[in-house]
Every structure is written in structure tokens, then in C-alpha cells.
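*Asks:* Sharing a structure here in C-alpha cells format.
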Amino acid sequence: MQLSESAVTTMLPVVDMQRARAFYEGKLGLKPDEAQANGTTVYRLAGATVALFPRDTATKAEHTALSFEVKDIASAIRELEQAGVKFADYDMPGLKTEGHVCVMGSEKAAWFHDTEGNCLCLHEDLH
């Protein structure tokens, strides 16, 4: 078995599927690929799959659950803000944002939350 050659799906739990789909489709612009019988909604992105699955109770990761690589983070932030996405700002040791962006070594990153409280990220590679 070669897991290094396997496609990967990020599974995100949601309590309110209608609200979550409105966010992922309406604000982030993802297009649903399929809805499964168990209520899961699948999105296929360039080289990745994201699946929203229904949960009765809220669960959220304390860390970044999903990160989108973008070519121009400033432009992506502007576009998402116009769609109503609210970005987080941080000012703590080792993590400070300016204009919602933190430069971390060879990348820039900016964070926001989905309707279920999951932490999502945009990142731009500076190479």
C-alpha cells in the first residue's frame, strides 16, 4: 500500500449543513461535486477534496483545519472580505498579523473561521 500516492480528503464536521454550505459555496466559491446519502457534501478542488459531514454536536479543531494555497494573498483576502468573510488578527509572541497577514519564514498566512468555528487559512508561498 502506497499512501504517499493516495488522494486525501479533509473531513470537516458541521452542525448546520445549510449554513455551512452557504458559507463554503456562497462566500468561498466552492462548487459541490456530490451530496452523499448520509448528508455529506463533497467539494473537489485542485488536487484535494473537502467533505462536510453532519454532526449532532459541535466539534472544532484548536488548530488550522484547512489551508488554501493562493498566488496572491492580499488579493484573495480582498475578494473573500467582499464576500463577507471575516479575517482574524493576532498580536502575540511569534504570531503577529498586519493587514490580516503574518509572514512566517517562507510563507504568508491569514486565518478565518467557518460557520462551525473551524479555523481555515490562506497561505502564499514566498519561494
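Starting from 1 in every chain, residues are counted up; chains themselves are A, B, ... following the order of the C-alpha cells, and ligands are numbered from 1 as listed.
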Give me the residues within 12 Å of Glu98 (chain A) as an MDAnalysis selection string, counting only C-alpha atoms and dropping any in the same chain fewer than 3 places off.
*Replies:* chainID A and resid 74 87:91 95 101:103 108:111
*Asks:* Residues at most 7 Å from Leu126 (chain A), counting only C-alpha atoms, excluding those fewer than 2 positions away in the same chain, as an mmCIF file with N, CA, C and O atoms, in the first residue's frame?
*Replies:*
data_model
loop_
_atom_site.group_PDB
_atom_site.id
_atom_site.type_symbol
_atom_site.label_atom_id
_atom_site.label_comp_id
_atom_site.auth_asym_id
_atom_site.auth_seq_id
_atom_site.Cartn_x
_atom_site.Cartn_y
_atom_site.Cartn_z
ATOM 1 N N SER A 106 9.044 31.241 4.976
ATOM 2 C CA SER A 106 8.905 31.284 3.512
ATOM 3 C C SER A 106 7.454 31.365 3.043
ATOM 4 O O SER A 106 7.165 31.060 1.894
ATOM 5 N N GLU A 107 6.546 31.760 3.941
ATOM 6 C CA GLU A 107 5.163 31.917 3.506
ATOM 7 C C GLU A 107 4.460 33.030 4.261
ATOM 8 O O GLU A 107 4.887 33.455 5.329
ATOM 9 N N GLU A 124 0.356 31.830 1.152
ATOM 10 C CA GLU A 124 1.065 32.143 -0.093
ATOM 11 C C GLU A 124 2.517 31.765 0.096
ATOM 12 O O GLU A 124 3.178 32.235 1.035
#
*Asks:* Which one is closest to Ala46 (chain A): A:Val8, A:Arg78, A:Asp72, A:Met17? Count only C-alpha atoms.
*Replies:*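 Under the stated criterion, the closest residue is A:Val8.
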*Asks:* To one decimal place in Å, what is the distance between CA of Thr64 (chain A) and CA of Glu25 (chain A)?
*Replies:* 19.6 Å
*Asks:* Check the smallest atom-to-atom distance from each of A:Ile73, A:Ala7, A:Cys119, A:Ala61 to Leu45 (chain A) using only C-alpha atoms, then report the winner.
*Replies:*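 For Leu45 (chain A), the nearest of the given residues is A:Ala7.
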*Asks:* Check the smallest atom-to-atom distance from each of A:Lys27, A:His113, A:His63, A:Lys71 to Ala83 (chain A) using only C-alpha atoms, then report the winner.
*Replies:* A:Lys27
*Asks:* Could you give me, as a PyMOL selection string, each residue of region 82-111 of chain A that DSSP assigns to strand (DSSP E) when run on this structure's backbone?
*Replies:* chain A and resi 91-92+95-96+102-104+107-111
*Asks:* Of the candidates A:His100, A:Ile77, A:Lys86, A:Leu52, which one gets nearest to Arg19 (chain A) if we count only C-alpha atoms?
*Replies:*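 With only C-alpha atoms as the atom set, the closest residue is A:Leu52.
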*Asks:* Select, from A:Ser67, A:Thr57, A:Gln82, A:Thr49, the residue with the minimum atom-to-atom distance to Lys31 (chain A), counting only C-alpha atoms.
*Replies:*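 Counting only C-alpha atoms, the residue closest to Lys31 (chain A) is A:Thr49.
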*Asks:* Quick one: of A:Gly94, A:Ala48, A:Glu34, A:Ser75, who's nearest to Ser6 (chain A), counting only C-alpha atoms?
*Replies:* A:Ala48
*Asks:* Would you list, as a ChimeraX atom specification, the residues of chain A that end up in helix (DSSP H, G or I) under DSSP run on this structure's backbone?
*Replies:* /A:3-5,17-27,73-82
*Asks:* Would you write out those residues with N, CA, C and O atoms, as a CSV table (one decimal), in the first residue's frame?
*Replies:*
chain,number,residue,atom,x,y,z
A,3,LEU,N,0.5,4.9,0.6
A,3,LEU,CA,-0.3,6.1,1.0
A,3,LEU,C,0.2,7.4,0.4
A,3,LEU,O,-0.6,8.3,0.2
A,4,SER,N,1.5,7.4,0.1
A,4,SER,CA,2.0,8.6,-0.5
A,4,SER,C,1.5,8.9,-1.9
A,4,SER,O,1.6,10.0,-2.4
A,5,GLU,N,0.8,8.0,-2.5
A,5,GLU,CA,0.2,8.1,-3.8
A,5,GLU,C,-1.3,8.2,-3.7
A,5,GLU,O,-2.0,8.3,-4.7
A,17,MET,N,-25.8,22.0,8.2
A,17,MET,CA,-25.3,21.8,6.8
A,17,MET,C,-25.7,23.0,5.9
A,17,MET,O,-24.9,23.4,5.1
A,18,GLN,N,-26.9,23.4,6.0
A,18,GLN,CA,-27.4,24.5,5.1
A,18,GLN,C,-26.5,25.8,5.3
A,18,GLN,O,-26.1,26.4,4.4
A,19,ARG,N,-26.3,26.1,6.6
A,19,ARG,CA,-25.5,27.3,6.9
A,19,ARG,C,-24.0,27.1,6.4
A,19,ARG,O,-23.4,28.0,5.8
A,20,ALA,N,-23.5,25.9,6.6
A,20,ALA,CA,-22.1,25.6,6.2
A,20,ALA,C,-21.9,25.6,4.7
A,20,ALA,O,-21.0,26.2,4.2
A,21,ARG,N,-22.9,25.1,4.0
A,21,ARG,CA,-22.9,25.1,2.5
A,21,ARG,C,-23.0,26.5,2.0
A,21,ARG,O,-22.3,26.9,1.0
A,22,ALA,N,-23.8,27.3,2.6
A,22,ALA,CA,-23.9,28.7,2.2
A,22,ALA,C,-22.6,29.4,2.4
A,22,ALA,O,-22.2,30.2,1.5
A,23,PHE,N,-21.8,29.1,3.4
A,23,PHE,CA,-20.5,29.7,3.6
A,23,PHE,C,-19.5,29.2,2.6
A,23,PHE,O,-18.9,30.0,1.9
A,24,TYR,N,-19.4,27.9,2.5
A,24,TYR,CA,-18.4,27.3,1.6
A,24,TYR,C,-18.7,27.6,0.1
A,24,TYR,O,-17.8,27.8,-0.7
A,25,GLU,N,-19.9,27.6,-0.3
A,25,GLU,CA,-20.3,27.8,-1.7
A,25,GLU,C,-20.5,29.3,-2.0
A,25,GLU,O,-20.0,29.8,-2.9
A,26,GLY,N,-21.2,30.0,-1.1
A,26,GLY,CA,-21.5,31.4,-1.3
A,26,GLY,C,-20.4,32.4,-1.0
A,26,GLY,O,-20.1,33.3,-1.8
A,27,LYS,N,-19.6,32.1,0.0
A,27,LYS,CA,-18.5,33.0,0.4
A,27,LYS,C,-17.2,32.6,-0.2
A,27,LYS,O,-16.4,33.4,-0.6
A,73,ILE,N,-2.0,36.5,-1.7
A,73,ILE,CA,-2.8,36.5,-0.5
A,73,ILE,C,-3.6,37.8,-0.3
A,73,ILE,O,-4.7,37.8,0.1
A,74,ALA,N,-3.0,39.0,-0.6
A,74,ALA,CA,-3.7,40.2,-0.5
A,74,ALA,C,-4.9,40.3,-1.3
A,74,ALA,O,-6.0,40.7,-0.9
A,75,SER,N,-4.8,39.9,-2.6
A,75,SER,CA,-5.9,39.8,-3.5
A,75,SER,C,-7.0,38.9,-3.0
A,75,SER,O,-8.2,39.2,-3.0
A,76,ALA,N,-6.6,37.7,-2.5
A,76,ALA,CA,-7.5,36.7,-2.1
A,76,ALA,C,-8.3,37.2,-0.8
A,76,ALA,O,-9.5,37.0,-0.7
A,77,ILE,N,-7.6,37.9,0.1
A,77,ILE,CA,-8.2,38.4,1.3
A,77,ILE,C,-9.3,39.5,0.8
A,77,ILE,O,-10.4,39.4,1.3
A,78,ARG,N,-8.9,40.4,-0.1
A,78,ARG,CA,-9.9,41.4,-0.5
A,78,ARG,C,-11.1,40.7,-1.1
A,78,ARG,O,-12.3,41.1,-0.8
A,79,GLU,N,-10.9,39.7,-1.9
A,79,GLU,CA,-12.1,39.1,-2.6
A,79,GLU,C,-13.0,38.4,-1.6
A,79,GLU,O,-14.2,38.5,-1.6
A,80,LEU,N,-12.4,37.7,-0.6
A,80,LEU,CA,-13.2,37.0,0.4
A,80,LEU,C,-13.8,38.0,1.4
A,80,LEU,O,-15.0,37.8,1.8
A,81,GLU,N,-13.2,39.1,1.7
A,81,GLU,CA,-13.8,40.1,2.5
A,81,GLU,C,-15.0,40.7,1.8
A,81,GLU,O,-16.0,40.9,2.4
A,82,GLN,N,-14.9,40.9,0.5
A,82,GLN,CA,-16.1,41.4,-0.3
A,82,GLN,C,-17.2,40.4,-0.2
A,82,GLN,O,-18.4,40.8,-0.3
